[in-house]
Amino acid sequence: MRFSVALISLALLAASPSQADEANVSVALTGLDGQAGAVTLDELAALPRATVSAEQHGAAHAFEGALLTDILARVGAPSGKAIHGAEMTDVIIVEARDGYKIALDLAGTDATIRKDRVILADRMDGAPIGPETGPFRLVVEGDLRPARSVRMVKQIRLERLH
Ligand SMILES: Nc1nc2c(c(=O)[nH]1)N[C@H]1C(S)=C(S)[C@@H](COP(=O)(O)O)O[C@H]1N2
Ligand SMILES: [Mo]
């Protein structure tokens, strides 16, 4: 009897993701030359944090996360003065678990070019975003309709247009 209780407890432990697993949930990153990387919830929390206000269903919400610029630096993305010439056709493709995807111009996400920030958020109004719409959500500051606010972000990749 005691043995079967122990077995059931073990099975339950194996089935429910631990806190460590949650923190290891990640977004896959791909650089211009195919460099592969990732950012986990833990790593996102350790990057410089930014809070962006965005409207959702007519109400303003505070989204908190890290700048896309700081995240894409992990796969060697150009930023600041390095964005000129050929880099002006670099695009960022953000894809979600449900297959929804959007594109952004890299230049338009850089703080030296535009003041509106683009963040990968992991918190909304002070709480984790949660698995149904998160745990990662893209937020583009200044957007009037949140069509580019990708929920459940799975992958972010860079491509140079020719
Ligand atoms: N993964 C995913 N993200 C998405 C969408 C989607 O279909 N799938 N729709 C977009 C569109 S068109 C809008 S208007 C907003 C709506 O966000 P809300 O449901 O939080 O208001 O989510 C955007 N993000
Ligand atoms: Mo929409």
# chains A, B, ... in the order shown; residues from 1 in each chain; ligands from 1
call {"tool": "select_by_dssp", "arguments": {"residues": "chain A", "states": "strand (DSSP E)", "output": "PyMOL selection string"}}
result
chain A and resi 26-30+36-40+49-56+59-67+90-96+101-105+118-124+127-128+137-140+153-160
call {"tool": "closest_atom_pairs", "arguments": {"of": "chain A", "to": "ligand 1", "cutoff": "7 Å", "atoms": "only C-alpha atoms and all ligand atoms", "output": "Markdown table"}}
result
| residue | atom | partner | partner_atom_place_in_ligand_line | distance |
| --- | --- | --- | --- | --- |
| A:Gln56 | CA | ligand 1 | 21 (O) | 4.9 |
| A:His57 | CA | ligand 1 | 21 (O) | 5.5 |
| A:Ala96 | CA | ligand 1 | 1 (N) | 4.7 |
| A:Arg97 | CA | ligand 1 | 1 (N) | 6.4 |
| A:Asp98 | CA | ligand 1 | 1 (N) | 5.6 |
| A:Gly99 | CA | ligand 1 | 1 (N) | 6.9 |
| A:Tyr100 | CA | ligand 1 | 8 (N) | 4.8 |
| A:Arg145 | CA | ligand 1 | 14 (S) | 5.8 |
| A:Pro146 | CA | ligand 1 | 14 (S) | 4.7 |
| A:Ala147 | CA | ligand 1 | 11 (C) | 3.7 |
| A:Arg148 | CA | ligand 1 | 23 (C) | 5.7 |
| A:Ser149 | CA | ligand 1 | 24 (N) | 4.7 |
| A:Val150 | CA | ligand 1 | 3 (N) | 3.8 |
| A:Arg151 | CA | ligand 1 | 3 (N) | 3.9 |
| A:Met152 | CA | ligand 1 | 1 (N) | 5.3 |
| A:Val153 | CA | ligand 1 | 1 (N) | 6.7 |
call {"tool": "closest_residue", "arguments": {"among": "A:Leu158, A:Leu32, A:Ile102, A:Ala62", "to": "ligand 2", "atoms": "only C-alpha atoms and all ligand atoms"}}
result
A:Ile102
call {"tool": "select_by_dssp", "arguments": {"residues": "stretch 77-116 of chain A", "states": "helix (DSSP H, G or I)", "output": "ChimeraX atom specification"}}
result
/A:80-82,85-89,106-109
call {"tool": "closest_atom_pairs", "arguments": {"of": "stretch 77-153 of chain A", "to": "stretch 63-70 of chain A", "cutoff": "9 Å", "atoms": "only C-alpha atoms", "output": "tab-separated table"}}
result
residue	atom	partner	partner_atom	distance
A:Ala77	CA	A:Thr69	CA	7.9
A:Pro78	CA	A:Thr69	CA	8.7
A:Ser79	CA	A:Thr69	CA	7.0
A:Leu106	CA	A:Thr69	CA	8.7
A:Thr109	CA	A:Thr69	CA	7.1
A:Asp110	CA	A:Thr69	CA	6.6
A:Ala111	CA	A:Thr69	CA	8.4
A:Arg117	CA	A:Leu67	CA	7.1
A:Val118	CA	A:Leu68	CA	5.9
A:Ile119	CA	A:Leu67	CA	4.4
A:Leu120	CA	A:Gly65	CA	5.4
A:Ala121	CA	A:Gly65	CA	3.9
A:Asp122	CA	A:Gly65	CA	5.5
A:Arg123	CA	A:Glu64	CA	5.1
A:Met124	CA	A:Phe63	CA	4.5
A:Asp125	CA	A:Phe63	CA	6.4
A:Gly126	CA	A:Glu64	CA	7.8
A:Phe136	CA	A:Gly65	CA	8.8
A:Arg137	CA	A:Phe63	CA	8.8
A:Leu138	CA	A:Leu68	CA	8.8
A:Val139	CA	A:Phe63	CA	7.4
call {"tool": "write_last_selection", "arguments": {"atoms": "N, CA, C and O atoms", "output": "PDB file, in the first residue's frame"}}
result
ATOM      1  N   ALA A  77      23.215  39.738 -33.730  1.00  0.00           N
ATOM      2  CA  ALA A  77      22.478  40.702 -34.552  1.00  0.00           C
ATOM      3  C   ALA A  77      23.148  42.072 -34.501  1.00  0.00           C
ATOM      4  O   ALA A  77      23.597  42.503 -33.447  1.00  0.00           O
ATOM      5  N   PRO A  78      23.221  42.763 -35.661  1.00  0.00           N
ATOM      6  CA  PRO A  78      23.774  44.112 -35.636  1.00  0.00           C
ATOM      7  C   PRO A  78      22.867  45.056 -34.846  1.00  0.00           C
ATOM      8  O   PRO A  78      21.645  44.859 -34.790  1.00  0.00           O
ATOM      9  N   SER A  79      23.470  46.068 -34.225  1.00  0.00           N
ATOM     10  CA  SER A  79      22.688  47.077 -33.512  1.00  0.00           C
ATOM     11  C   SER A  79      23.418  48.408 -33.564  1.00  0.00           C
ATOM     12  O   SER A  79      24.593  48.480 -33.918  1.00  0.00           O
ATOM     13  N   LEU A 106      14.567  45.265 -38.667  1.00  0.00           N
ATOM     14  CA  LEU A 106      15.529  45.351 -37.560  1.00  0.00           C
ATOM     15  C   LEU A 106      15.804  46.815 -37.196  1.00  0.00           C
ATOM     16  O   LEU A 106      15.819  47.167 -36.006  1.00  0.00           O
ATOM     17  N   THR A 109      13.585  48.555 -34.781  1.00  0.00           N
ATOM     18  CA  THR A 109      13.561  48.102 -33.383  1.00  0.00           C
ATOM     19  C   THR A 109      14.773  48.633 -32.607  1.00  0.00           C
ATOM     20  O   THR A 109      14.931  48.329 -31.428  1.00  0.00           O
ATOM     21  N   ASP A 110      15.629  49.411 -33.307  1.00  0.00           N
ATOM     22  CA  ASP A 110      16.871  49.861 -32.666  1.00  0.00           C
ATOM     23  C   ASP A 110      16.700  51.231 -32.010  1.00  0.00           C
ATOM     24  O   ASP A 110      16.174  52.163 -32.627  1.00  0.00           O
ATOM     25  N   ALA A 111      17.172  51.327 -30.781  1.00  0.00           N
ATOM     26  CA  ALA A 111      16.975  52.548 -29.973  1.00  0.00           C
ATOM     27  C   ALA A 111      17.698  53.763 -30.548  1.00  0.00           C
ATOM     28  O   ALA A 111      17.331  54.895 -30.231  1.00  0.00           O
ATOM     29  N   ARG A 117       9.988  51.290 -28.222  1.00  0.00           N
ATOM     30  CA  ARG A 117      10.740  50.072 -27.911  1.00  0.00           C
ATOM     31  C   ARG A 117       9.985  48.801 -28.318  1.00  0.00           C
ATOM     32  O   ARG A 117       8.755  48.795 -28.377  1.00  0.00           O
ATOM     33  N   VAL A 118      10.737  47.765 -28.606  1.00  0.00           N
ATOM     34  CA  VAL A 118      10.139  46.457 -28.886  1.00  0.00           C
ATOM     35  C   VAL A 118      10.708  45.489 -27.848  1.00  0.00           C
ATOM     36  O   VAL A 118      11.922  45.352 -27.726  1.00  0.00           O
ATOM     37  N   ILE A 119       9.817  44.886 -27.086  1.00  0.00           N
ATOM     38  CA  ILE A 119      10.294  43.989 -26.026  1.00  0.00           C
ATOM     39  C   ILE A 119       9.699  42.587 -26.183  1.00  0.00           C
ATOM     40  O   ILE A 119       8.631  42.392 -26.773  1.00  0.00           O
ATOM     41  N   LEU A 120      10.436  41.636 -25.619  1.00  0.00           N
ATOM     42  CA  LEU A 120       9.883  40.299 -25.423  1.00  0.00           C
ATOM     43  C   LEU A 120       9.462  40.294 -23.954  1.00  0.00           C
ATOM     44  O   LEU A 120      10.308  40.361 -23.060  1.00  0.00           O
ATOM     45  N   ALA A 121       8.150  40.288 -23.735  1.00  0.00           N
ATOM     46  CA  ALA A 121       7.631  40.399 -22.370  1.00  0.00           C
ATOM     47  C   ALA A 121       7.403  39.022 -21.758  1.00  0.00           C
ATOM     48  O   ALA A 121       7.040  38.068 -22.452  1.00  0.00           O
ATOM     49  N   ASP A 122       7.645  38.949 -20.454  1.00  0.00           N
ATOM     50  CA  ASP A 122       7.321  37.727 -19.699  1.00  0.00           C
ATOM     51  C   ASP A 122       6.392  38.036 -18.532  1.00  0.00           C
ATOM     52  O   ASP A 122       5.964  37.116 -17.831  1.00  0.00           O
ATOM     53  N   ARG A 123       6.067  39.322 -18.361  1.00  0.00           N
ATOM     54  CA  ARG A 123       5.161  39.708 -17.280  1.00  0.00           C
ATOM     55  C   ARG A 123       4.163  40.753 -17.769  1.00  0.00           C
ATOM     56  O   ARG A 123       4.489  41.594 -18.609  1.00  0.00           O
ATOM     57  N   MET A 124       2.933  40.662 -17.301  1.00  0.00           N
ATOM     58  CA  MET A 124       1.909  41.666 -17.598  1.00  0.00           C
ATOM     59  C   MET A 124       1.289  42.105 -16.280  1.00  0.00           C
ATOM     60  O   MET A 124       0.879  41.250 -15.485  1.00  0.00           O
ATOM     61  N   ASP A 125       1.259  43.416 -16.071  1.00  0.00           N
ATOM     62  CA  ASP A 125       0.696  43.989 -14.843  1.00  0.00           C
ATOM     63  C   ASP A 125       1.267  43.308 -13.593  1.00  0.00           C
ATOM     64  O   ASP A 125       0.546  42.989 -12.646  1.00  0.00           O
ATOM     65  N   GLY A 126       2.559  43.043 -13.627  1.00  0.00           N
ATOM     66  CA  GLY A 126       3.261  42.534 -12.444  1.00  0.00           C
ATOM     67  C   GLY A 126       3.199  41.039 -12.216  1.00  0.00           C
ATOM     68  O   GLY A 126       3.739  40.537 -11.236  1.00  0.00           O
ATOM     69  N   PHE A 136       5.851  33.939 -23.184  1.00  0.00           N
ATOM     70  CA  PHE A 136       6.517  35.073 -23.809  1.00  0.00           C
ATOM     71  C   PHE A 136       5.552  35.771 -24.772  1.00  0.00           C
ATOM     72  O   PHE A 136       4.851  35.111 -25.535  1.00  0.00           O
ATOM     73  N   ARG A 137       5.533  37.108 -24.734  1.00  0.00           N
ATOM     74  CA  ARG A 137       4.705  37.863 -25.672  1.00  0.00           C
ATOM     75  C   ARG A 137       5.480  39.060 -26.208  1.00  0.00           C
ATOM     76  O   ARG A 137       6.128  39.784 -25.449  1.00  0.00           O
ATOM     77  N   LEU A 138       5.404  39.258 -27.506  1.00  0.00           N
ATOM     78  CA  LEU A 138       6.066  40.403 -28.126  1.00  0.00           C
ATOM     79  C   LEU A 138       5.211  41.645 -27.905  1.00  0.00           C
ATOM     80  O   LEU A 138       3.979  41.581 -28.034  1.00  0.00           O
ATOM     81  N   VAL A 139       5.849  42.765 -27.575  1.00  0.00           N
ATOM     82  CA  VAL A 139       5.109  44.019 -27.417  1.00  0.00           C
ATOM     83  C   VAL A 139       5.843  45.121 -28.174  1.00  0.00           C
ATOM     84  O   VAL A 139       7.027  45.358 -27.953  1.00  0.00           O
TER      85      VAL A 139
END
call {"tool": "atom_distance", "arguments": {"atom1": "atom CA of A:Ala73", "atom2": "atom CA of A:Arg49"}}
result
15.1 Å
call {"tool": "closest_residue", "arguments": {"among": "A:Ala60, A:Ala107, A:Ile71, A:Ala46", "to": "A:Ala28", "atoms": "only C-alpha atoms"}}
result
A:Ile71
call {"tool": "residues_around", "arguments": {"residues": "A:Thr89", "least_positions_apart": "3", "cutoff": "12 Å", "atoms": "only C-alpha atoms", "output": "PyMOL selection string"}}
result
chain A and resi 32+78+83-86+92+103-108+158-162
call {"tool": "write_last_selection", "arguments": {"atoms": "C-alpha atoms", "output": "CSV table (one decimal), in the first residue's frame"}}
result
chain,number,residue,atom,x,y,z
A,32,LEU,CA,21.7,36.1,-39.9
A,78,PRO,CA,23.8,44.1,-35.6
A,83,ILE,CA,22.8,49.1,-38.8
A,84,HIS,CA,23.5,50.8,-42.1
A,85,GLY,CA,23.7,49.7,-45.8
A,86,ALA,CA,22.9,46.0,-46.1
A,92,ILE,CA,13.1,39.9,-37.7
A,103,ALA,CA,7.9,40.5,-39.5
A,104,LEU,CA,9.6,43.7,-38.2
A,105,ASP,CA,12.4,45.6,-39.8
A,106,LEU,CA,15.5,45.4,-37.6
A,107,ALA,CA,16.3,49.1,-38.0
A,108,GLY,CA,12.9,50.0,-36.6
A,158,LEU,CA,16.7,37.2,-38.5
A,159,GLU,CA,16.8,37.3,-42.3
A,160,ARG,CA,18.5,39.6,-44.8
A,161,LEU,CA,16.3,40.5,-47.8
A,162,HIS,CA,18.0,40.6,-51.2
call {"tool": "atom_distance", "arguments": {"atom1": "atom CA of A:Asp143", "atom2": "atom CA of A:Ile129"}}
result
19.6 Å
call {"tool": "residues_around", "arguments": {"residues": "A:Thr30", "least_positions_apart": "5", "cutoff": "7 Å", "atoms": "only C-alpha atoms", "output": "PyMOL selection string"}}
result
chain A and resi 35-37+75+156-158
call {"tool": "write_last_selection", "arguments": {"atoms": "C-alpha atoms", "output": "short mmCIF file (atom, residue, chain, number, x, y, z; two decimals), in the first residue's frame"}}
result
data_model
loop_
_atom_site.label_atom_id
_atom_site.label_comp_id
_atom_site.auth_asym_id
_atom_site.auth_seq_id
_atom_site.Cartn_x
_atom_site.Cartn_y
_atom_site.Cartn_z
CA GLN A 35 23.71 30.98 -35.51
CA ALA A 36 21.39 29.13 -33.15
CA GLY A 37 20.65 30.37 -29.67
CA VAL A 75 22.97 35.53 -31.97
CA ILE A 156 12.68 34.65 -33.34
CA ARG A 157 14.88 34.65 -36.41
CA LEU A 158 16.75 37.15 -38.52
#
call {"tool": "closest_residue", "arguments": {"among": "A:Leu41, A:Thr51, A:Glu95, A:Ile113", "to": "A:Lys81", "atoms": "only C-alpha atoms"}}
result
A:Ile113
call {"tool": "closest_residue", "arguments": {"among": "A:Ala127, A:Ala38, A:Val27, A:Leu144", "to": "A:Arg74", "atoms": "only C-alpha atoms"}}
result
A:Ala38
call {"tool": "atom_distance", "arguments": {"atom1": "atom CA of A:Leu72", "atom2": "atom CA of A:Leu44"}}
result
11.6 Å
